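> I'm passing along coords.txt; it holds compact mmCIF, C-alpha atoms and all ligand atoms.
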# COMPACT_ATOMS: atom_id res chain seq x y z
CA MET A 43 88.70 63.54 70.62
CA GLN A 44 88.33 67.27 70.22
CA ASP A 45 88.61 66.99 66.42
CA LEU A 46 85.83 64.43 66.36
CA GLY A 47 83.62 66.76 68.40
CA LEU A 48 84.24 69.65 66.06
CA SER A 49 83.57 67.65 62.90
CA MET A 50 80.33 66.24 64.33
CA ASN A 51 79.30 69.77 65.10
CA ARG A 52 80.06 70.86 61.52
CA ASN A 53 78.04 67.98 60.11
CA GLU A 54 75.09 68.95 62.24
CA LEU A 55 75.36 72.59 61.12
CA GLU A 56 75.60 71.55 57.46
CA PHE A 57 72.53 69.33 57.84
CA VAL A 58 70.55 72.24 59.37
CA ARG A 59 71.70 74.70 56.69
CA GLU A 60 70.68 72.38 53.83
CA MET A 61 67.34 71.64 55.44
CA PHE A 62 66.43 75.34 55.77
CA ASP A 63 67.61 76.04 52.23
CA ARG A 64 65.26 73.36 50.93
CA ILE A 65 62.17 74.39 52.92
CA ALA A 66 62.76 78.16 52.45
CA PRO A 67 60.02 78.70 49.80
CA HIS A 68 57.37 77.24 52.14
CA TYR A 69 58.81 78.49 55.43
CA ASP A 70 56.68 81.61 56.07
CA PHE A 71 53.44 80.00 54.95
CA LEU A 72 54.00 76.93 57.14
CA ASN A 73 54.98 79.08 60.15
CA ARG A 74 51.68 80.96 60.02
CA LEU A 75 49.65 77.83 59.35
CA LEU A 76 51.27 75.49 61.87
CA SER A 77 51.32 78.06 64.68
CA LEU A 78 47.86 79.46 63.80
CA ARG A 79 49.61 82.85 63.46
CA GLN A 80 50.86 82.71 67.04
CA ASP A 81 54.39 83.12 65.62
CA VAL A 82 53.53 86.74 64.77
CA TYR A 83 52.58 87.43 68.41
CA TRP A 84 55.71 85.62 69.69
CA ARG A 85 58.03 87.80 67.59
CA LYS A 86 56.16 90.96 68.63
CA THR A 87 56.69 89.97 72.30
CA LEU A 88 60.39 89.30 71.65
CA VAL A 89 60.87 92.69 70.00
CA ALA A 90 58.94 94.52 72.75
CA SER A 91 61.28 92.96 75.35
CA LEU A 92 64.27 94.73 73.77
CA GLU A 93 63.09 98.20 74.97
CA LEU A 94 65.32 99.87 72.39
CA ALA A 95 66.37 103.51 72.66
CA PRO A 96 66.73 105.64 69.51
CA GLY A 97 70.07 105.21 67.74
CA THR A 98 70.65 101.63 68.90
CA ARG A 99 71.99 98.73 66.81
CA VAL A 100 70.41 95.29 66.79
CA LEU A 101 71.81 92.02 65.45
CA ASP A 102 69.16 89.42 64.56
CA THR A 103 70.94 86.07 64.38
CA ALA A 104 69.50 83.07 62.49
CA CYS A 105 67.25 85.71 60.90
CA GLY A 106 65.77 83.30 58.32
CA THR A 107 63.28 85.21 56.17
CA ALA A 108 63.71 88.36 58.31
CA ASP A 109 60.44 88.40 60.26
CA VAL A 110 62.13 89.59 63.48
CA GLY A 111 63.98 92.39 61.67
CA ILE A 112 60.76 93.46 59.99
CA GLU A 113 58.96 93.56 63.33
CA ILE A 114 61.80 95.68 64.79
CA LYS A 115 61.44 98.02 61.82
CA ARG A 116 57.66 98.14 62.26
CA ARG A 117 57.91 98.95 65.95
CA TYR A 118 60.90 101.33 66.03
CA GLY A 119 61.00 102.64 62.43
CA GLY A 120 64.26 104.32 61.35
CA ARG A 121 65.26 105.03 64.95
CA VAL A 122 67.23 101.78 65.24
CA SER A 123 69.43 99.90 62.78
CA VAL A 124 69.02 96.16 62.25
CA THR A 125 71.43 93.62 60.81
CA GLY A 126 70.18 90.10 60.12
CA ILE A 127 72.55 87.15 59.68
CA ASP A 128 71.81 83.58 58.62
CA PHE A 129 73.89 80.79 57.11
CA ALA A 130 71.19 79.46 54.73
CA PRO A 131 71.44 81.37 51.40
CA GLN A 132 67.90 80.50 50.30
CA MET A 133 66.39 81.90 53.51
CA LEU A 134 68.39 85.11 52.99
CA ARG A 135 67.31 85.30 49.34
CA LEU A 136 63.69 85.46 50.51
CA ALA A 137 64.57 87.85 53.33
CA LYS A 138 66.05 90.49 51.01
CA PRO A 139 62.88 91.75 49.26
CA LYS A 140 60.87 91.48 52.50
CA PHE A 141 63.43 93.58 54.36
CA ARG A 142 63.54 96.10 51.49
CA ASP A 143 59.74 96.45 51.41
CA ALA A 144 59.70 96.98 55.18
CA GLY A 145 61.76 100.14 54.95
CA GLY A 146 65.08 99.35 53.28
CA GLY A 147 67.79 101.93 53.37
CA ALA A 148 71.04 101.94 55.27
CA ALA A 149 69.40 101.26 58.62
CA ILE A 150 68.72 97.64 57.70
CA GLY A 151 71.12 94.99 56.41
CA LEU A 152 71.56 91.26 55.80
CA ALA A 153 74.66 89.11 55.76
CA ALA A 154 75.44 85.43 55.23
CA ALA A 155 77.19 84.32 58.41
CA ASP A 156 77.38 81.52 60.92
CA ALA A 157 76.35 82.43 64.46
CA PHE A 158 79.63 80.82 65.63
CA ASP A 159 81.74 83.09 63.44
CA LEU A 160 80.23 86.56 63.37
CA PRO A 161 82.01 89.04 61.07
CA PHE A 162 81.57 92.09 63.32
CA ALA A 163 83.78 94.00 65.72
CA ALA A 164 83.31 93.08 69.38
CA ALA A 165 80.90 95.06 71.58
CA GLY A 166 79.15 96.73 68.64
CA PHE A 167 75.49 95.88 69.29
CA ASP A 168 72.96 97.13 71.85
CA ALA A 169 70.78 94.04 71.44
CA ILE A 170 70.97 90.58 69.89
CA THR A 171 67.98 88.43 69.02
CA MET A 172 67.59 84.82 67.98
CA ALA A 173 64.13 83.44 67.19
CA PHE A 174 63.77 79.67 66.82
CA GLY A 175 67.45 79.16 66.02
CA ILE A 176 69.05 78.06 69.29
CA ARG A 177 67.55 74.55 69.36
CA ASN A 178 69.36 73.85 66.07
CA ILE A 179 72.69 74.62 67.68
CA GLN A 180 74.41 71.83 69.56
CA ASP A 181 77.08 73.90 71.31
CA LYS A 182 74.79 76.47 72.90
CA SER A 183 77.31 77.66 75.50
CA THR A 184 79.84 78.72 72.85
CA VAL A 185 77.24 80.61 70.83
CA LEU A 186 75.99 82.38 73.97
CA LYS A 187 79.56 83.49 74.73
CA ARG A 188 79.94 84.78 71.15
CA PHE A 189 76.77 86.83 71.65
CA LEU A 190 78.11 88.23 74.92
CA ASP A 191 81.27 89.36 73.08
CA GLN A 192 79.22 91.11 70.39
CA LEU A 193 77.10 93.08 72.88
CA LYS A 194 77.98 96.44 74.37
CA PRO A 195 78.08 96.47 78.19
CA GLY A 196 74.45 96.64 79.35
CA GLY A 197 73.29 95.22 75.98
CA ARG A 198 70.43 92.73 75.85
CA LEU A 199 70.04 89.22 74.44
CA ALA A 200 66.50 87.98 73.71
CA ILE A 201 65.88 84.44 72.50
CA LEU A 202 62.63 82.76 71.46
CA GLU A 203 62.43 79.00 71.39
CA LEU A 204 59.65 76.46 71.13
CA GLY A 205 58.82 74.61 74.34
CA THR A 206 56.11 72.24 75.54
CA PRO A 207 53.12 73.14 77.76
CA ASP A 208 53.76 71.85 81.28
CA ARG A 209 50.56 70.19 82.35
CA GLY A 210 46.96 69.22 81.78
CA MET A 211 44.84 68.83 78.68
CA ALA A 212 46.76 71.55 76.87
CA ARG A 213 49.91 69.44 77.10
CA HIS A 214 48.26 66.25 75.82
CA ALA A 215 46.43 67.96 72.97
CA TYR A 216 49.52 69.91 72.00
CA LEU A 217 51.81 66.86 72.01
CA PHE A 218 49.37 64.99 69.78
CA TYR A 219 49.26 67.92 67.38
CA PHE A 220 52.99 68.66 67.48
CA ASN A 221 54.31 65.09 67.26
CA ARG A 222 51.66 63.53 65.00
CA LEU A 223 49.75 66.09 62.92
CA LEU A 224 52.35 68.80 62.38
CA PRO A 225 54.90 66.47 60.68
CA LEU A 226 52.20 65.30 58.26
CA ILE A 227 51.02 68.81 57.38
CA GLY A 228 54.61 70.05 57.13
CA ARG A 229 55.60 67.20 54.84
CA LEU A 230 52.54 67.70 52.63
CA PHE A 231 53.22 71.39 51.97
CA SER A 232 57.04 71.52 52.11
CA LYS A 233 57.54 68.23 50.19
CA HIS A 234 60.50 67.71 52.54
CA ASN A 235 60.61 64.25 54.09
CA PHE A 236 62.04 64.96 57.49
CA ALA A 237 62.22 68.75 58.18
CA TYR A 238 58.93 68.72 60.07
CA THR A 239 59.83 65.50 61.89
CA TYR A 240 63.17 67.02 62.87
CA LEU A 241 61.21 69.99 64.33
CA PRO A 242 59.50 68.11 67.22
CA ASP A 243 62.66 66.01 67.73
CA SER A 244 64.80 69.12 68.10
CA VAL A 245 62.28 70.70 70.51
CA ALA A 246 62.29 67.51 72.62
CA ARG A 247 66.11 67.72 72.85
CA PHE A 248 66.06 71.40 73.88
CA PRO A 249 66.74 71.80 77.64
CA ALA A 250 63.98 72.76 80.07
CA ALA A 251 63.52 76.54 80.35
CA GLY A 252 65.16 76.73 83.78
CA GLU A 253 68.18 74.81 82.52
CA PHE A 254 68.61 77.03 79.47
CA ALA A 255 68.33 80.13 81.69
CA ARG A 256 71.16 78.66 83.82
CA MET A 257 73.25 78.21 80.64
CA MET A 258 72.72 81.90 79.87
CA ARG A 259 73.89 82.83 83.38
CA ARG A 260 76.92 80.54 83.12
CA ALA A 261 77.80 82.20 79.79
CA GLY A 262 77.96 85.54 81.63
CA PHE A 263 74.50 87.10 81.27
CA GLU A 264 72.76 88.73 84.23
CA HIS A 265 69.10 89.51 85.06
CA VAL A 266 68.23 86.33 83.15
CA ARG A 267 64.51 85.64 83.09
CA TYR A 268 62.11 83.63 80.97
CA ARG A 269 58.45 83.81 80.16
CA PRO A 270 56.20 81.11 78.69
CA LEU A 271 54.03 82.32 75.79
CA THR A 272 50.84 80.58 74.58
CA LYS A 273 50.83 78.21 77.59
CA GLY A 274 54.51 77.41 77.12
CA VAL A 275 54.36 76.46 73.43
CA THR A 276 57.10 79.08 73.10
CA VAL A 277 59.43 80.55 75.71
CA LEU A 278 61.02 83.99 75.66
CA PHE A 279 64.45 84.21 77.35
CA VAL A 280 65.99 87.59 78.14
CA GLY A 281 69.38 88.41 79.68
CA ASP A 282 71.70 91.42 79.87
CA LYS A 283 75.44 91.81 79.53
CA PRO A 284 76.85 93.16 82.77
CA VAL A 285 77.93 96.80 82.64
CA VAL A 286 81.29 96.12 84.28
C1 LIG A 301 63.45 78.08 62.39
S1 LIG A 301 64.39 79.22 61.45
C2 LIG A 301 64.05 80.76 62.26
C3 LIG A 301 64.12 81.94 61.33
C4 LIG A 301 63.67 83.27 61.92
N1 LIG A 301 64.49 83.66 63.05
C5 LIG A 301 62.22 83.26 62.30
O1 LIG A 301 61.87 83.78 63.38
O2 LIG A 301 61.40 82.79 61.51
C6 LIG A 301 66.02 78.87 61.98
C7 LIG A 301 67.08 79.60 61.16
O3 LIG A 301 68.32 79.47 61.85
C8 LIG A 301 69.33 79.41 60.87
N2 LIG A 301 70.51 78.87 61.56
C9 LIG A 301 70.60 77.71 62.27
N3 LIG A 301 71.83 77.57 62.77
C10 LIG A 301 72.54 78.67 62.37
C11 LIG A 301 73.89 79.09 62.58
N4 LIG A 301 74.75 78.35 63.28
N5 LIG A 301 74.27 80.27 62.05
C12 LIG A 301 73.41 81.03 61.32
N6 LIG A 301 72.12 80.67 61.09
C13 LIG A 301 71.70 79.50 61.61
C14 LIG A 301 68.73 78.54 59.79
O4 LIG A 301 69.40 78.69 58.56
C15 LIG A 301 67.30 79.06 59.76
O5 LIG A 301 67.14 80.10 58.82
Would you mind writing the file out in structure tokens?


Amino acid sequence: MQDLGLSMNRNELEFVREMFDRIAPHYDFLNRLLSLRQDVYWRKTLVASLELAPGTRVLDTACGTADVGIEIKRRYGGRVSVTGIDFAPQMLRLAKPKFRDAGGGAAIGLAAADAFDLPFAAAGFDAITMAFGIRNIQDKSTVLKRFLDQLKPGGRLAILELGTPDRGMARHAYLFYFNRLLPLIGRLFSKHNFAYTYLPDSVARFPAAGEFARMMRRAGFEHVRYRPLTKGVTVLFVGDKPVV
């Protein structure tokens, strides 16, 4: 039974990796268009929540085309070092020149890696980020525990994920846009048949914010809190690794 679970998980990961490789050339453009540039504000809010001190090390997991790393660089300059990891080679290929143009140098790096199998020594990072990656991961508890291992005591995890506005007109209008219009626009520009249908499906499967916050606590994080952004279209989750 356990083998079956593991192989299903691998299939899912392989499907996600191939999908992002194929949409990579259109990814940034469609992010800005489909979110009406709100994605820029969401990443800024994520990075601000890290409250990084000079000399700290950040790991940006599922970094994609490096927009979080670039925002960290923009906000903190050379005072912090950033490493981005992603398992989709085509996303990383696009990330490289963007990262270089944003400051380059030794304080910034990229590596091909799976979030389940991070090639770093334990307790080496002051902060870990993941923007819009966690909903693609079936076994969220295991990944959260891996992140806890990678953080120094007192280190911070900040996760952004798409959500759904709770109530009222905003919810109805948003659901119409997200479930009906967005897949059409995404398909038109990306030429990918199902990536932008998978997007609302994967958001619908993501647990409610309170439930995901409980998962973070169960994985060992403390001071876990979450904050809806843009009426709950996105949610920012923050938690800290206990000091002892
Ligand atoms: C929606 S994109 C987000 C990219 C970027 N964080 C951003 O803010 O635009 C999701 C990314 O997660 C990556 N990803 C998904 N599962 C992963 C895993 N298990 N390990 C590493 N990367 C993963 C995908 O390859 C993709 O680049």

> Give me the box for range 85-102 of chain A as JSON, namely the centre and edge lengths in Å to one decimal of a box along x, y and z that holds every listed atom plus 5 Å on each side.


{"center_x": 64.1, "center_y": 96.7, "center_z": 70.0, "size_x": 25.8, "size_y": 27.8, "size_z": 20.8}

> What are the nearest atom pairs, with distances in Å to one decimal, for all residues of chain A that come at most 7 Å from ligand LIG 301 (chain A), using only C-alpha atoms and all ligand atoms, set out by chain and rising residue number as a Markdown table?


| residue | atom | partner | partner_atom | distance |
| --- | --- | --- | --- | --- |
| A:Leu55 | CA | A:LIG301 | N4 | 6.2 |
| A:Val58 | CA | A:LIG301 | C9 | 6.2 |
| A:Arg59 | CA | A:LIG301 | O4 | 5.0 |
| A:Phe62 | CA | A:LIG301 | O4 | 5.3 |
| A:Arg85 | CA | A:LIG301 | O1 | 7.0 |
| A:Thr103 | CA | A:LIG301 | C12 | 6.4 |
| A:Ala104 | CA | A:LIG301 | N6 | 3.8 |
| A:Cys105 | CA | A:LIG301 | N1 | 4.1 |
| A:Gly106 | CA | A:LIG301 | O5 | 3.5 |
| A:Thr107 | CA | A:LIG301 | C4 | 6.1 |
| A:Ala108 | CA | A:LIG301 | C4 | 6.2 |
| A:Asp109 | CA | A:LIG301 | O1 | 5.8 |
| A:Val110 | CA | A:LIG301 | O1 | 5.8 |
| A:Ile127 | CA | A:LIG301 | C12 | 6.4 |
| A:Asp128 | CA | A:LIG301 | N6 | 3.8 |
| A:Phe129 | CA | A:LIG301 | C12 | 4.2 |
| A:Ala130 | CA | A:LIG301 | O4 | 4.3 |
| A:Met133 | CA | A:LIG301 | O5 | 5.7 |
| A:Ala155 | CA | A:LIG301 | C12 | 5.8 |
| A:Asp156 | CA | A:LIG301 | N5 | 3.5 |
| A:Ala157 | CA | A:LIG301 | N5 | 3.8 |
| A:Phe158 | CA | A:LIG301 | N4 | 6.0 |
| A:Met172 | CA | A:LIG301 | N1 | 5.9 |
| A:Ala173 | CA | A:LIG301 | N1 | 4.2 |
| A:Phe174 | CA | A:LIG301 | C2 | 4.7 |
| A:Gly175 | CA | A:LIG301 | O3 | 4.3 |
| A:Asn178 | CA | A:LIG301 | N3 | 5.6 |
| A:Ile179 | CA | A:LIG301 | N3 | 5.8 |

> What's around range 73-79 of chain A at 12 Å? Count all atoms listed in the file, leave out sequence neighbours fewer than 4 positions away in its own chain, and write the answer as a VMD selection string.

chain A and resid 65 to 69 83 to 86 106 to 107 109 174 204 216 219 to 220 223 to 229 231 to 232 238 241 272 275 to 276

> Can you write out the residues you just picked, keeping C-alpha atoms, as a PDB file, in the coordinates of the input?


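Printed below is selection19.pdb as written:
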ATOM      1  CA  ILE A  65      62.170  74.390  52.920  1.00  0.00           C
ATOM      2  CA  ALA A  66      62.760  78.160  52.450  1.00  0.00           C
ATOM      3  CA  PRO A  67      60.020  78.700  49.800  1.00  0.00           C
ATOM      4  CA  HIS A  68      57.370  77.240  52.140  1.00  0.00           C
ATOM      5  CA  TYR A  69      58.810  78.490  55.430  1.00  0.00           C
ATOM      6  CA  TYR A  83      52.580  87.430  68.410  1.00  0.00           C
ATOM      7  CA  TRP A  84      55.710  85.620  69.690  1.00  0.00           C
ATOM      8  CA  ARG A  85      58.030  87.800  67.590  1.00  0.00           C
ATOM      9  CA  LYS A  86      56.160  90.960  68.630  1.00  0.00           C
ATOM     10  CA  GLY A 106      65.770  83.300  58.320  1.00  0.00           C
ATOM     11  CA  THR A 107      63.280  85.210  56.170  1.00  0.00           C
ATOM     12  CA  ASP A 109      60.440  88.400  60.260  1.00  0.00           C
ATOM     13  CA  PHE A 174      63.770  79.670  66.820  1.00  0.00           C
ATOM     14  CA  LEU A 204      59.650  76.460  71.130  1.00  0.00           C
ATOM     15  CA  TYR A 216      49.520  69.910  72.000  1.00  0.00           C
ATOM     16  CA  TYR A 219      49.260  67.920  67.380  1.00  0.00           C
ATOM     17  CA  PHE A 220      52.990  68.660  67.480  1.00  0.00           C
ATOM     18  CA  LEU A 223      49.750  66.090  62.920  1.00  0.00           C
ATOM     19  CA  LEU A 224      52.350  68.800  62.380  1.00  0.00           C
ATOM     20  CA  PRO A 225      54.900  66.470  60.680  1.00  0.00           C
ATOM     21  CA  LEU A 226      52.200  65.300  58.260  1.00  0.00           C
ATOM     22  CA  ILE A 227      51.020  68.810  57.380  1.00  0.00           C
ATOM     23  CA  GLY A 228      54.610  70.050  57.130  1.00  0.00           C
ATOM     24  CA  ARG A 229      55.600  67.200  54.840  1.00  0.00           C
ATOM     25  CA  PHE A 231      53.220  71.390  51.970  1.00  0.00           C
ATOM     26  CA  SER A 232      57.040  71.520  52.110  1.00  0.00           C
ATOM     27  CA  TYR A 238      58.930  68.720  60.070  1.00  0.00           C
ATOM     28  CA  LEU A 241      61.210  69.990  64.330  1.00  0.00           C
ATOM     29  CA  THR A 272      50.840  80.580  74.580  1.00  0.00           C
ATOM     30  CA  VAL A 275      54.360  76.460  73.430  1.00  0.00           C
ATOM     31  CA  THR A 276      57.100  79.080  73.100  1.00  0.00           C
TER      32      THR A 276
END

> Provide the CA of Phe279 in chain A to CA of Gly166 in chain A distance in Å, to one decimal place.

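Here the two named atoms are 21.2 Å from each other.
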
> Would you mind telling me which residue in A:Lys273, A:Arg260, A:Arg222, A:Lys182 lies nearest to Gly205 in chain A when using all atoms listed in the file?

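Going through A:Lys273, A:Arg260, A:Arg222, A:Lys182 one by one, the smallest distance to Gly205 in chain A is for A:Lys273.
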
> Identify, on the basis of all atoms listed in the file, every residue whose closest approach to Ile112 in chain A does not exceed 9 Å; exclude the query and any residue fewer than 6 positions from it along the same chain; express the result as a PyMOL selection string.

chain A and resi 124+140-141+144-145

> Could you turn the residues from that selection into a file that holds C-alpha atoms, as a PDB file, in the coordinates of the input?


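Okay, again.pdb is ready:
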ATOM      1  CA  VAL A 124      69.020  96.160  62.250  1.00  0.00           C
ATOM      2  CA  LYS A 140      60.870  91.480  52.500  1.00  0.00           C
ATOM      3  CA  PHE A 141      63.430  93.580  54.360  1.00  0.00           C
ATOM      4  CA  ALA A 144      59.700  96.980  55.180  1.00  0.00           C
ATOM      5  CA  GLY A 145      61.760 100.140  54.950  1.00  0.00           C
TER       6      GLY A 145
END

> Which one of A:Asp143, A:Glu93, A:Asp102, A:Glu203 sits closest to Ala251 in chain A if you count all atoms listed in the file?

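Among A:Asp143, A:Glu93, A:Asp102, A:Glu203, it is A:Glu203 that comes nearest to Ala251 in chain A.
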
> Looking at A:Ala165, A:Pro131, A:Gln180, A:Leu92, which one is nearest to Arg247 in chain A, with distances taken over all atoms listed in the file?

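Ranking A:Ala165, A:Pro131, A:Gln180, A:Leu92 by distance to Arg247 in chain A, first place goes to A:Gln180.
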
> How many Å lie between CA of Leu94 in chain A and CA of Gly281 in chain A, rounded to one decimal?

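Separation between CA of Leu94 in chain A and CA of Gly281 in chain A: 14.2 Å.
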
> Could you check which of A:Arg117, A:Arg198, A:Arg209, A:Arg188 is closest to Val266 in chain A, using all atoms listed in the file?

A:Arg198
